[in-house]
file coords_23.txt (compact mmCIF, C-alpha atoms and all ligand atoms)
# COMPACT_ATOMS: atom_id res chain seq x y z
CA MET U 1 93.48 34.61 -192.88
CA PHE U 2 94.44 31.09 -193.93
CA PRO U 3 94.32 30.75 -197.64
CA TYR U 4 91.68 28.25 -198.70
CA LYS U 5 94.23 26.18 -200.65
CA VAL U 6 96.48 25.59 -197.61
CA TRP U 7 93.51 24.33 -195.56
CA THR U 8 92.38 21.85 -198.14
CA ASN U 9 95.93 20.59 -198.55
CA ARG U 10 96.22 20.17 -194.80
CA LEU U 11 92.93 18.38 -194.51
CA ARG U 12 93.92 16.11 -197.30
CA ALA U 13 97.22 15.31 -195.57
CA GLU U 14 95.45 14.68 -192.24
CA GLY U 15 92.92 12.48 -193.98
CA ARG U 16 95.75 10.41 -195.27
CA LEU U 17 97.31 10.28 -191.80
CA LEU U 18 94.02 9.09 -190.32
CA LEU U 19 93.87 6.33 -192.88
CA TRP U 20 97.39 5.21 -191.95
CA LEU U 21 96.49 5.25 -188.27
CA LEU U 22 93.41 3.14 -188.93
CA LEU U 23 95.50 0.68 -190.91
CA LEU U 24 98.07 0.52 -188.13
CA LEU U 25 95.36 0.00 -185.51
CA THR U 26 93.76 -2.92 -187.31
CA PRO U 27 96.27 -5.52 -186.07
CA LEU U 28 96.02 -4.05 -182.58
CA SER U 29 92.26 -4.49 -182.46
CA ALA U 30 92.72 -8.03 -183.70
CA THR U 31 95.03 -8.60 -180.72
CA GLY U 32 92.39 -7.00 -178.53
CA SER U 33 89.89 -9.74 -179.12
CA PHE U 34 92.48 -12.45 -178.63
CA ARG U 35 91.69 -14.67 -175.69
CA HIS U 36 94.54 -16.64 -174.21
CA LYS U 37 93.26 -20.17 -173.70
CA LYS U 38 95.47 -21.02 -170.71
CA LEU U 39 95.63 -17.72 -168.88
CA GLY U 40 91.97 -16.83 -169.23
CA PRO U 41 91.34 -13.10 -169.22
CA VAL U 42 90.52 -11.19 -172.36
CA VAL U 43 93.56 -9.25 -173.49
CA THR U 44 92.94 -5.73 -174.72
CA PRO U 45 95.56 -3.50 -176.33
CA GLN U 46 95.82 -1.63 -173.04
CA THR U 47 96.48 -4.71 -170.90
CA PHE U 48 98.42 -6.71 -173.45
CA ARG U 49 101.76 -7.98 -172.20
CA TYR U 50 103.80 -10.68 -173.80
CA ILE U 51 104.35 -13.37 -171.17
CA LEU U 52 106.77 -16.24 -171.47
CA ASP U 53 105.43 -18.72 -168.97
CA ASP U 54 105.42 -22.52 -168.98
CA SER U 55 103.66 -22.93 -165.60
CA ALA U 56 100.84 -24.79 -167.37
CA GLY U 57 103.42 -27.24 -168.73
CA HIS U 58 105.60 -27.18 -171.77
CA GLY U 59 103.91 -26.60 -175.07
CA ARG U 60 104.33 -28.67 -178.18
CA VAL U 61 107.82 -29.37 -179.43
CA PHE U 62 108.85 -27.25 -182.38
CA ASP U 63 109.71 -29.74 -185.08
CA GLY U 64 110.85 -27.19 -187.61
CA ILE U 65 109.66 -25.66 -190.80
CA GLY U 66 109.03 -27.84 -193.79
CA ALA U 67 108.05 -27.72 -197.42
CA ILE U 68 106.38 -30.13 -199.81
CA SER U 69 107.38 -31.06 -203.32
CA SER U 70 104.37 -32.80 -204.73
CA GLY U 71 101.16 -32.46 -206.66
CA GLY U 72 102.79 -33.75 -209.80
CA ALA U 73 104.68 -30.71 -210.90
CA THR U 74 104.89 -27.92 -208.39
CA SER U 75 108.68 -28.08 -208.24
CA ARG U 76 109.28 -29.83 -211.56
CA LEU U 77 110.73 -26.79 -213.34
CA LEU U 78 113.51 -26.24 -210.82
CA LEU U 79 115.45 -29.17 -212.26
CA ASN U 80 115.72 -27.37 -215.60
CA TYR U 81 116.87 -24.02 -214.25
CA ARG U 82 120.23 -22.90 -215.54
CA GLU U 83 123.18 -22.79 -213.19
CA PRO U 84 124.06 -20.89 -211.06
CA TYR U 85 120.38 -20.01 -210.50
CA ARG U 86 119.33 -23.56 -209.73
CA SER U 87 121.99 -24.00 -207.04
CA GLU U 88 121.20 -20.59 -205.62
CA ILE U 89 117.53 -21.45 -205.23
CA LEU U 90 118.45 -24.79 -203.62
CA ASP U 91 120.75 -22.91 -201.23
CA TYR U 92 117.94 -20.53 -200.35
CA LEU U 93 115.70 -23.48 -199.61
CA PHE U 94 117.94 -25.87 -197.73
CA LYS U 95 121.17 -24.29 -196.51
CA PRO U 96 121.01 -23.94 -192.70
CA ASN U 97 120.85 -20.41 -191.30
CA PHE U 98 120.40 -19.04 -194.77
CA GLY U 99 117.16 -18.21 -196.54
CA ALA U 100 114.29 -20.55 -195.71
CA SER U 101 116.64 -23.03 -193.91
CA LEU U 102 114.05 -25.79 -194.18
CA HIS U 103 114.17 -28.49 -191.52
CA ILE U 104 111.83 -30.91 -193.26
CA LEU U 105 111.29 -31.91 -196.87
CA LYS U 106 108.23 -33.88 -197.82
CA VAL U 107 108.05 -35.41 -201.27
CA GLU U 108 105.44 -37.21 -203.28
CA VAL U 109 105.92 -40.92 -203.81
CA GLY U 110 105.06 -40.88 -207.50
CA GLY U 111 102.11 -43.09 -208.39
CA ASP U 112 101.54 -42.58 -212.13
CA GLY U 113 98.40 -40.60 -211.31
CA GLN U 114 97.54 -36.99 -212.03
CA THR U 115 97.83 -35.39 -208.60
CA THR U 116 96.92 -31.72 -209.26
CA ASP U 117 99.47 -30.14 -211.58
CA GLY U 118 100.82 -33.22 -213.26
CA THR U 119 101.87 -36.81 -212.86
CA GLU U 120 104.87 -38.18 -211.01
CA PRO U 121 106.11 -41.57 -212.11
CA SER U 122 105.84 -44.60 -209.90
CA HIS U 123 108.91 -46.71 -209.15
CA MET U 124 106.74 -49.71 -210.12
CA HIS U 125 104.49 -49.11 -213.11
CA PHE U 126 103.45 -52.78 -213.18
CA LYS U 127 103.45 -55.56 -210.66
CA GLN U 128 105.63 -57.79 -212.82
CA GLU U 129 108.09 -55.03 -213.53
CA GLY U 130 111.24 -54.73 -211.47
CA ALA U 131 111.29 -51.45 -209.57
CA ASP U 132 113.20 -48.53 -211.06
CA TYR U 133 114.40 -45.84 -208.69
CA ARG U 134 115.73 -43.40 -211.26
CA ARG U 135 112.40 -41.93 -212.30
CA GLY U 136 111.13 -38.51 -211.46
CA TYR U 137 112.88 -35.59 -209.83
CA GLU U 138 112.16 -36.11 -206.13
CA TRP U 139 115.27 -38.28 -205.61
CA TRP U 140 117.34 -35.46 -207.03
CA LEU U 141 115.61 -32.87 -204.83
CA MET U 142 116.09 -34.96 -201.68
CA LYS U 143 119.79 -35.42 -202.43
CA GLU U 144 120.28 -31.71 -203.09
CA ALA U 145 118.56 -31.00 -199.77
CA LYS U 146 120.74 -33.51 -197.89
CA LYS U 147 123.89 -32.12 -199.48
CA ARG U 148 123.11 -28.75 -197.97
CA ASN U 149 121.69 -29.98 -194.68
CA PRO U 150 122.50 -33.59 -193.72
CA ASN U 151 120.09 -33.27 -190.80
CA ILE U 152 117.05 -32.38 -192.87
CA LYS U 153 114.14 -34.77 -192.21
CA LEU U 154 112.64 -36.54 -195.20
CA ILE U 155 109.03 -37.55 -195.54
CA GLY U 156 107.40 -39.54 -198.34
CA LEU U 157 103.72 -39.69 -199.17
CA PRO U 158 101.94 -41.35 -202.10
CA TRP U 159 99.33 -39.03 -203.59
CA SER U 160 98.24 -41.76 -205.97
CA PHE U 161 99.03 -45.40 -206.72
CA PRO U 162 99.55 -47.29 -209.96
CA GLY U 163 96.48 -49.17 -211.14
CA TRP U 164 97.74 -52.67 -210.35
CA LEU U 165 97.42 -51.92 -206.62
CA GLY U 166 93.64 -51.75 -206.85
CA PRO U 167 93.13 -54.57 -209.29
CA GLY U 168 90.09 -53.79 -211.36
CA ARG U 169 88.45 -51.65 -208.70
CA THR U 170 90.77 -48.63 -208.36
CA ASP U 171 90.96 -49.02 -204.60
CA PRO U 172 94.65 -49.05 -203.63
CA TYR U 173 93.71 -50.25 -200.12
CA GLU U 174 91.90 -53.36 -201.31
CA ASN U 175 94.91 -55.46 -200.46
CA ILE U 176 96.64 -53.50 -197.74
CA THR U 177 99.61 -55.89 -197.59
CA MET U 178 100.37 -55.31 -201.24
CA THR U 179 100.12 -51.53 -200.84
CA ALA U 180 102.30 -51.60 -197.71
CA LEU U 181 104.94 -53.66 -199.53
CA TYR U 182 104.86 -51.20 -202.42
CA VAL U 183 105.44 -48.22 -200.08
CA VAL U 184 108.16 -50.07 -198.19
CA SER U 185 109.92 -50.86 -201.47
CA TRP U 186 110.13 -47.10 -202.12
CA ILE U 187 111.81 -46.59 -198.71
CA LEU U 188 114.25 -49.43 -199.33
CA GLY U 189 115.00 -48.14 -202.83
CA ALA U 190 115.72 -44.68 -201.45
CA LYS U 191 118.33 -46.20 -199.16
CA LYS U 192 119.83 -48.67 -201.60
CA HIS U 193 120.01 -46.52 -204.72
CA HIS U 194 120.28 -43.00 -203.35
CA LYS U 195 121.63 -43.50 -199.79
CA LEU U 196 118.64 -41.57 -198.49
CA ASP U 197 117.10 -42.35 -195.11
CA ILE U 198 113.39 -41.66 -195.16
CA ASP U 199 112.41 -40.45 -191.68
CA TYR U 200 108.63 -40.56 -192.02
CA ILE U 201 106.23 -42.17 -194.42
CA GLY U 202 102.53 -41.74 -195.10
CA VAL U 203 100.27 -44.17 -196.87
CA SER U 204 97.40 -41.99 -197.99
CA ASN U 205 96.74 -38.43 -199.04
CA ILE U 206 93.45 -36.97 -197.73
CA PHE U 207 92.41 -40.24 -196.18
CA GLU U 208 88.66 -39.66 -195.85
CA PHE U 209 88.33 -39.84 -199.63
CA TYR U 210 89.10 -43.53 -199.42
CA LEU U 211 86.85 -44.49 -196.52
C1 LIG W 1 97.60 -59.45 -201.04
O1 LIG W 1 98.93 -59.21 -201.44
C2 LIG W 1 99.88 -60.11 -200.91
C3 LIG W 1 101.25 -59.60 -201.29
O2 LIG W 1 101.37 -59.38 -202.66
C4 LIG W 1 99.59 -61.51 -201.41
O3 LIG W 1 100.51 -62.41 -200.86
C5 LIG W 1 98.17 -61.89 -201.04
O4 LIG W 1 97.84 -63.12 -201.61
C6 LIG W 1 97.18 -60.84 -201.50
N1 LIG W 1 95.86 -61.12 -200.95
C7 LIG W 1 94.77 -61.26 -201.72
C8 LIG W 1 93.50 -61.52 -201.01
O5 LIG W 1 94.81 -61.13 -202.94
call {"tool": "encode", "arguments": {"input": "coords_23.txt", "output": "structure tokens"}}
result
Amino acid sequence: MFPYKVWTNRLRAEGRLLLWLLLLLTPLSATGSFRHKKLGPVVTPQTFRYILDDSAGHGRVFDGIGAISSGGATSRLLLNYREPYRSEILDYLFKPNFGASLHILKVEVGGDGQTTDGTEPSHMHFKQEGADYRRGYEWWLMKEAKKRNPNIKLIGLPWSFPGWLGPGRTDPYENITMTALYVVSWILGAKKHHKLDIDYIGVSNIFEFYL
């Protein structure tokens, strides 16, 4: 006769096995309800086959994987990391075929406004003031990225604007020419002072807030 203890141990082990099987099956059942938009039929785990087929035309171009340094302070601390840790983290982020190997780096165009975690400085605090392109840490980050991958794409986006761009009314799009000139000056400053080519530029974060 099977001793009682052995049975309970076995049942317990099988119970655990069943749990693992259920966990393993969860992604499969998720695949089961997946409907391929182009090919039509519902794919079940039994009929699922991975098909590489561009008969319906080529899909979207893969532009790469990117990361954002923004929100006022999300990457601020990296600058103060001790070496060699700082360089190691930068390598993991930007060095091609190594770590994250980022293809795109998007940075905040500082606007003197609190943009989630902190405030990034504008290159023009006041209208009368000459622009200063040494402020903040995004220039540094972009240069470190380019050093490791000269082909990395750079994107700039203002999350906020200094007050003088919405004179008295806090609407930075009140005079669109002035705001455009301000953004363009950031692109020109990047080239002139840091030898950085900005590939893409945005003019507004979460645009519907301003409509
Ligand atoms: C808008 O800004 C531009 C550039 O600074 C300026 O020439 C123009 O007079 C401004 N327009 C208004 C309506 O203030």
call {"tool": "residues_near_ligand", "arguments": {"input": "coords_23.txt", "ligand": "ligand LIG 1 (chain W)", "cutoff": "7 Å", "atoms": "all atoms listed in the file", "output": "ChimeraX atom specification"}}
result
/U:175-178
call {"tool": "closest_residue", "arguments": {"input": "coords_23.txt", "among": "U:Asp171, U:Asp112, U:Asp132, U:Glu144", "to": "Phe94 in chain U", "atoms": "only C-alpha atoms"}}
result
U:Glu144
call {"tool": "atom_distance", "arguments": {"input": "coords_23.txt", "atom1": "CA of Pro158 in chain U", "atom2": "CA of Val107 in chain U"}}
result
8.6 Å
call {"tool": "atom_distance", "arguments": {"input": "coords_23.txt", "atom1": "CA of Met142 in chain U", "atom2": "CA of Tyr92 in chain U"}}
result
14.6 Å
call {"tool": "residues_around", "arguments": {"input": "coords_23.txt", "residues": "Tyr133 in chain U", "least_positions_apart": "2", "cutoff": "10 Å", "atoms": "only C-alpha atoms", "output": "mmCIF file with C-alpha atoms, in the coordinates of the input"}}
result
data_model
loop_
_atom_site.group_PDB
_atom_site.id
_atom_site.type_symbol
_atom_site.label_atom_id
_atom_site.label_comp_id
_atom_site.auth_asym_id
_atom_site.auth_seq_id
_atom_site.Cartn_x
_atom_site.Cartn_y
_atom_site.Cartn_z
ATOM 1 C CA PRO U 121 106.110 -41.570 -212.110
ATOM 2 C CA SER U 122 105.840 -44.600 -209.900
ATOM 3 C CA HIS U 123 108.910 -46.710 -209.150
ATOM 4 C CA MET U 124 106.740 -49.710 -210.120
ATOM 5 C CA GLY U 130 111.240 -54.730 -211.470
ATOM 6 C CA ALA U 131 111.290 -51.450 -209.570
ATOM 7 C CA ARG U 135 112.400 -41.930 -212.300
ATOM 8 C CA GLY U 136 111.130 -38.510 -211.460
ATOM 9 C CA TRP U 139 115.270 -38.280 -205.610
ATOM 10 C CA SER U 185 109.920 -50.860 -201.470
ATOM 11 C CA TRP U 186 110.130 -47.100 -202.120
ATOM 12 C CA GLY U 189 115.000 -48.140 -202.830
ATOM 13 C CA ALA U 190 115.720 -44.680 -201.450
ATOM 14 C CA LYS U 192 119.830 -48.670 -201.600
ATOM 15 C CA HIS U 193 120.010 -46.520 -204.720
ATOM 16 C CA HIS U 194 120.280 -43.000 -203.350
#
call {"tool": "residues_near_point", "arguments": {"input": "coords_23.txt", "point": "(101.0, -35.1, -212.4)", "cutoff": "10 Å", "atoms": "only C-alpha atoms", "output": "PDB file with C-alpha atoms, in the coordinates of the input"}}
result
ATOM      1  CA  SER U  70     104.370 -32.800-204.730  1.00  0.00           C
ATOM      2  CA  GLY U  71     101.160 -32.460-206.660  1.00  0.00           C
ATOM      3  CA  GLY U  72     102.790 -33.750-209.800  1.00  0.00           C
ATOM      4  CA  ALA U  73     104.680 -30.710-210.900  1.00  0.00           C
ATOM      5  CA  THR U  74     104.890 -27.920-208.390  1.00  0.00           C
ATOM      6  CA  ARG U  76     109.280 -29.830-211.560  1.00  0.00           C
ATOM      7  CA  GLY U 110     105.060 -40.880-207.500  1.00  0.00           C
ATOM      8  CA  GLY U 111     102.110 -43.090-208.390  1.00  0.00           C
ATOM      9  CA  ASP U 112     101.540 -42.580-212.130  1.00  0.00           C
ATOM     10  CA  GLY U 113      98.400 -40.600-211.310  1.00  0.00           C
ATOM     11  CA  GLN U 114      97.540 -36.990-212.030  1.00  0.00           C
ATOM     12  CA  THR U 115      97.830 -35.390-208.600  1.00  0.00           C
ATOM     13  CA  THR U 116      96.920 -31.720-209.260  1.00  0.00           C
ATOM     14  CA  ASP U 117      99.470 -30.140-211.580  1.00  0.00           C
ATOM     15  CA  GLY U 118     100.820 -33.220-213.260  1.00  0.00           C
ATOM     16  CA  THR U 119     101.870 -36.810-212.860  1.00  0.00           C
ATOM     17  CA  GLU U 120     104.870 -38.180-211.010  1.00  0.00           C
ATOM     18  CA  PRO U 121     106.110 -41.570-212.110  1.00  0.00           C
ATOM     19  CA  TRP U 159      99.330 -39.030-203.590  1.00  0.00           C
ATOM     20  CA  SER U 160      98.240 -41.760-205.970  1.00  0.00           C
TER      21      SER U 160
END
call {"tool": "axis_aligned_box", "arguments": {"input": "coords_23.txt", "around": "range 172-176 of chain U", "padding_each_side": "4 Å", "output": "AutoDock Vina command-line options"}}
result
--center_x 94.3 --center_y -52.3 --center_z -200.7 --size_x 12.7 --size_y 14.4 --size_z 13.9
call {"tool": "atom_distance", "arguments": {"input": "coords_23.txt", "atom1": "CA of Ala100 in chain U", "atom2": "CA of Leu154 in chain U"}}
result
16.1 Å
call {"tool": "residues_around", "arguments": {"input": "coords_23.txt", "residues": "Val183 in chain U", "least_positions_apart": "6", "cutoff": "9 Å", "atoms": "only C-alpha atoms", "output": "list in words"}}
result
Val109, Leu157, Pro158, Ile201, Gly202 and Val203 of chain U
call {"tool": "decode", "arguments": {"input": "coords_23.txt", "residues": "range 77-90 of chain U", "atoms": "all heavy atoms", "output": "PDB file, in the first residue's frame"}}
result
ATOM      1  N   LEU U  77      20.996  62.562 -13.278  1.00  0.00           N
ATOM      2  CA  LEU U  77      21.997  62.043 -12.355  1.00  0.00           C
ATOM      3  C   LEU U  77      23.176  61.377 -13.052  1.00  0.00           C
ATOM      4  O   LEU U  77      24.262  61.287 -12.490  1.00  0.00           O
ATOM      5  CB  LEU U  77      21.349  61.053 -11.375  1.00  0.00           C
ATOM      6  CG  LEU U  77      20.254  61.646 -10.481  1.00  0.00           C
ATOM      7  CD1 LEU U  77      19.643  60.573  -9.612  1.00  0.00           C
ATOM      8  CD2 LEU U  77      20.815  62.771  -9.614  1.00  0.00           C
ATOM      9  N   LEU U  78      22.965  60.926 -14.273  1.00  0.00           N
ATOM     10  CA  LEU U  78      24.020  60.204 -14.988  1.00  0.00           C
ATOM     11  C   LEU U  78      25.305  61.037 -15.089  1.00  0.00           C
ATOM     12  O   LEU U  78      26.414  60.520 -14.961  1.00  0.00           O
ATOM     13  CB  LEU U  78      23.526  59.800 -16.381  1.00  0.00           C
ATOM     14  CG  LEU U  78      24.488  58.976 -17.226  1.00  0.00           C
ATOM     15  CD1 LEU U  78      24.899  57.695 -16.519  1.00  0.00           C
ATOM     16  CD2 LEU U  78      23.875  58.659 -18.569  1.00  0.00           C
ATOM     17  N   LEU U  79      25.125  62.314 -15.307  1.00  0.00           N
ATOM     18  CA  LEU U  79      26.264  63.224 -15.443  1.00  0.00           C
ATOM     19  C   LEU U  79      27.181  63.176 -14.217  1.00  0.00           C
ATOM     20  O   LEU U  79      28.389  63.357 -14.322  1.00  0.00           O
ATOM     21  CB  LEU U  79      25.726  64.649 -15.641  1.00  0.00           C
ATOM     22  CG  LEU U  79      26.712  65.762 -15.943  1.00  0.00           C
ATOM     23  CD1 LEU U  79      27.417  65.516 -17.255  1.00  0.00           C
ATOM     24  CD2 LEU U  79      25.994  67.094 -15.997  1.00  0.00           C
ATOM     25  N   ASN U  80      26.628  62.919 -13.060  1.00  0.00           N
ATOM     26  CA  ASN U  80      27.411  62.931 -11.821  1.00  0.00           C
ATOM     27  C   ASN U  80      27.928  61.553 -11.401  1.00  0.00           C
ATOM     28  O   ASN U  80      28.543  61.431 -10.353  1.00  0.00           O
ATOM     29  CB  ASN U  80      26.580  63.515 -10.679  1.00  0.00           C
ATOM     30  CG  ASN U  80      26.244  64.966 -10.939  1.00  0.00           C
ATOM     31  OD1 ASN U  80      25.101  65.284 -11.211  1.00  0.00           O
ATOM     32  ND2 ASN U  80      27.227  65.831 -10.909  1.00  0.00           N
ATOM     33  N   TYR U  81      27.644  60.547 -12.207  1.00  0.00           N
ATOM     34  CA  TYR U  81      28.161  59.219 -11.864  1.00  0.00           C
ATOM     35  C   TYR U  81      29.684  59.223 -11.939  1.00  0.00           C
ATOM     36  O   TYR U  81      30.270  59.866 -12.801  1.00  0.00           O
ATOM     37  CB  TYR U  81      27.602  58.167 -12.839  1.00  0.00           C
ATOM     38  CG  TYR U  81      26.297  57.551 -12.396  1.00  0.00           C
ATOM     39  CD1 TYR U  81      25.245  58.336 -11.955  1.00  0.00           C
ATOM     40  CD2 TYR U  81      26.126  56.177 -12.434  1.00  0.00           C
ATOM     41  CE1 TYR U  81      24.051  57.778 -11.562  1.00  0.00           C
ATOM     42  CE2 TYR U  81      24.927  55.603 -12.035  1.00  0.00           C
ATOM     43  CZ  TYR U  81      23.901  56.408 -11.599  1.00  0.00           C
ATOM     44  OH  TYR U  81      22.728  55.852 -11.215  1.00  0.00           O
ATOM     45  N   ARG U  82      30.294  58.470 -11.047  1.00  0.00           N
ATOM     46  CA  ARG U  82      31.745  58.361 -11.064  1.00  0.00           C
ATOM     47  C   ARG U  82      32.187  57.524 -12.255  1.00  0.00           C
ATOM     48  O   ARG U  82      31.493  56.586 -12.653  1.00  0.00           O
ATOM     49  CB  ARG U  82      32.209  57.650  -9.783  1.00  0.00           C
ATOM     50  CG  ARG U  82      32.622  58.606  -8.687  1.00  0.00           C
ATOM     51  CD  ARG U  82      33.281  57.862  -7.552  1.00  0.00           C
ATOM     52  NE  ARG U  82      32.383  56.918  -6.926  1.00  0.00           N
ATOM     53  CZ  ARG U  82      32.739  55.697  -6.518  1.00  0.00           C
ATOM     54  NH1 ARG U  82      33.966  55.277  -6.672  1.00  0.00           N
ATOM     55  NH2 ARG U  82      31.865  54.891  -5.948  1.00  0.00           N
ATOM     56  N   GLU U  83      33.351  57.832 -12.767  1.00  0.00           N
ATOM     57  CA  GLU U  83      33.968  56.961 -13.776  1.00  0.00           C
ATOM     58  C   GLU U  83      34.559  55.748 -13.072  1.00  0.00           C
ATOM     59  O   GLU U  83      34.963  55.888 -11.913  1.00  0.00           O
ATOM     60  CB  GLU U  83      35.054  57.715 -14.547  1.00  0.00           C
ATOM     61  CG  GLU U  83      34.516  58.789 -15.463  1.00  0.00           C
ATOM     62  CD  GLU U  83      33.700  58.232 -16.634  1.00  0.00           C
ATOM     63  OE1 GLU U  83      33.534  56.996 -16.742  1.00  0.00           O
ATOM     64  OE2 GLU U  83      33.207  59.039 -17.413  1.00  0.00           O
ATOM     65  N   PRO U  84      34.602  54.580 -13.649  1.00  0.00           N
ATOM     66  CA  PRO U  84      34.256  54.276 -15.040  1.00  0.00           C
ATOM     67  C   PRO U  84      32.776  53.969 -15.254  1.00  0.00           C
ATOM     68  O   PRO U  84      32.377  53.662 -16.366  1.00  0.00           O
ATOM     69  CB  PRO U  84      35.085  53.012 -15.302  1.00  0.00           C
ATOM     70  CG  PRO U  84      35.073  52.299 -13.985  1.00  0.00           C
ATOM     71  CD  PRO U  84      35.111  53.383 -12.937  1.00  0.00           C
ATOM     72  N   TYR U  85      31.956  54.096 -14.162  1.00  0.00           N
ATOM     73  CA  TYR U  85      30.560  53.661 -14.276  1.00  0.00           C
ATOM     74  C   TYR U  85      29.781  54.493 -15.293  1.00  0.00           C
ATOM     75  O   TYR U  85      28.971  53.984 -16.057  1.00  0.00           O
ATOM     76  CB  TYR U  85      29.884  53.703 -12.899  1.00  0.00           C
ATOM     77  CG  TYR U  85      30.750  53.028 -11.856  1.00  0.00           C
ATOM     78  CD1 TYR U  85      31.336  53.756 -10.824  1.00  0.00           C
ATOM     79  CD2 TYR U  85      31.031  51.667 -11.952  1.00  0.00           C
ATOM     80  CE1 TYR U  85      32.170  53.145  -9.904  1.00  0.00           C
ATOM     81  CE2 TYR U  85      31.863  51.049 -11.028  1.00  0.00           C
ATOM     82  CZ  TYR U  85      32.433  51.789 -10.016  1.00  0.00           C
ATOM     83  OH  TYR U  85      33.270  51.180  -9.119  1.00  0.00           O
ATOM     84  N   ARG U  86      30.064  55.800 -15.289  1.00  0.00           N
ATOM     85  CA  ARG U  86      29.342  56.676 -16.203  1.00  0.00           C
ATOM     86  C   ARG U  86      29.591  56.261 -17.654  1.00  0.00           C
ATOM     87  O   ARG U  86      28.651  56.099 -18.435  1.00  0.00           O
ATOM     88  CB  ARG U  86      29.786  58.117 -15.974  1.00  0.00           C
ATOM     89  CG  ARG U  86      28.953  59.103 -16.740  1.00  0.00           C
ATOM     90  CD  ARG U  86      29.306  60.507 -16.365  1.00  0.00           C
ATOM     91  NE  ARG U  86      30.580  60.897 -16.945  1.00  0.00           N
ATOM     92  CZ  ARG U  86      31.077  62.124 -16.871  1.00  0.00           C
ATOM     93  NH1 ARG U  86      30.414  63.067 -16.234  1.00  0.00           N
ATOM     94  NH2 ARG U  86      32.224  62.416 -17.425  1.00  0.00           N
ATOM     95  N   SER U  87      30.862  56.057 -17.999  1.00  0.00           N
ATOM     96  CA  SER U  87      31.193  55.672 -19.379  1.00  0.00           C
ATOM     97  C   SER U  87      30.611  54.298 -19.713  1.00  0.00           C
ATOM     98  O   SER U  87      30.200  54.058 -20.852  1.00  0.00           O
ATOM     99  CB  SER U  87      32.700  55.631 -19.582  1.00  0.00           C
ATOM    100  OG  SER U  87      33.191  56.938 -19.561  1.00  0.00           O
ATOM    101  N   GLU U  88      30.609  53.435 -18.725  1.00  0.00           N
ATOM    102  CA  GLU U  88      30.055  52.094 -18.974  1.00  0.00           C
ATOM    103  C   GLU U  88      28.569  52.169 -19.298  1.00  0.00           C
ATOM    104  O   GLU U  88      28.090  51.524 -20.230  1.00  0.00           O
ATOM    105  CB  GLU U  88      30.288  51.196 -17.749  1.00  0.00           C
ATOM    106  CG  GLU U  88      31.707  50.661 -17.673  1.00  0.00           C
ATOM    107  CD  GLU U  88      32.004  49.893 -16.401  1.00  0.00           C
ATOM    108  OE1 GLU U  88      31.079  49.646 -15.603  1.00  0.00           O
ATOM    109  OE2 GLU U  88      33.179  49.550 -16.210  1.00  0.00           O
ATOM    110  N   ILE U  89      27.853  52.990 -18.547  1.00  0.00           N
ATOM    111  CA  ILE U  89      26.410  53.121 -18.802  1.00  0.00           C
ATOM    112  C   ILE U  89      26.186  53.743 -20.185  1.00  0.00           C
ATOM    113  O   ILE U  89      25.331  53.303 -20.954  1.00  0.00           O
ATOM    114  CB  ILE U  89      25.733  53.968 -17.697  1.00  0.00           C
ATOM    115  CG1 ILE U  89      25.780  53.198 -16.378  1.00  0.00           C
ATOM    116  CG2 ILE U  89      24.297  54.311 -18.063  1.00  0.00           C
ATOM    117  CD1 ILE U  89      25.377  53.999 -15.155  1.00  0.00           C
ATOM    118  N   LEU U  90      27.002  54.759 -20.517  1.00  0.00           N
ATOM    119  CA  LEU U  90      26.876  55.388 -21.843  1.00  0.00           C
ATOM    120  C   LEU U  90      27.166  54.371 -22.949  1.00  0.00           C
ATOM    121  O   LEU U  90      26.496  54.358 -23.979  1.00  0.00           O
ATOM    122  CB  LEU U  90      27.825  56.584 -21.943  1.00  0.00           C
ATOM    123  CG  LEU U  90      27.427  57.789 -21.087  1.00  0.00           C
ATOM    124  CD1 LEU U  90      28.589  58.763 -20.944  1.00  0.00           C
ATOM    125  CD2 LEU U  90      26.205  58.495 -21.661  1.00  0.00           C
TER     126      LEU U  90
END
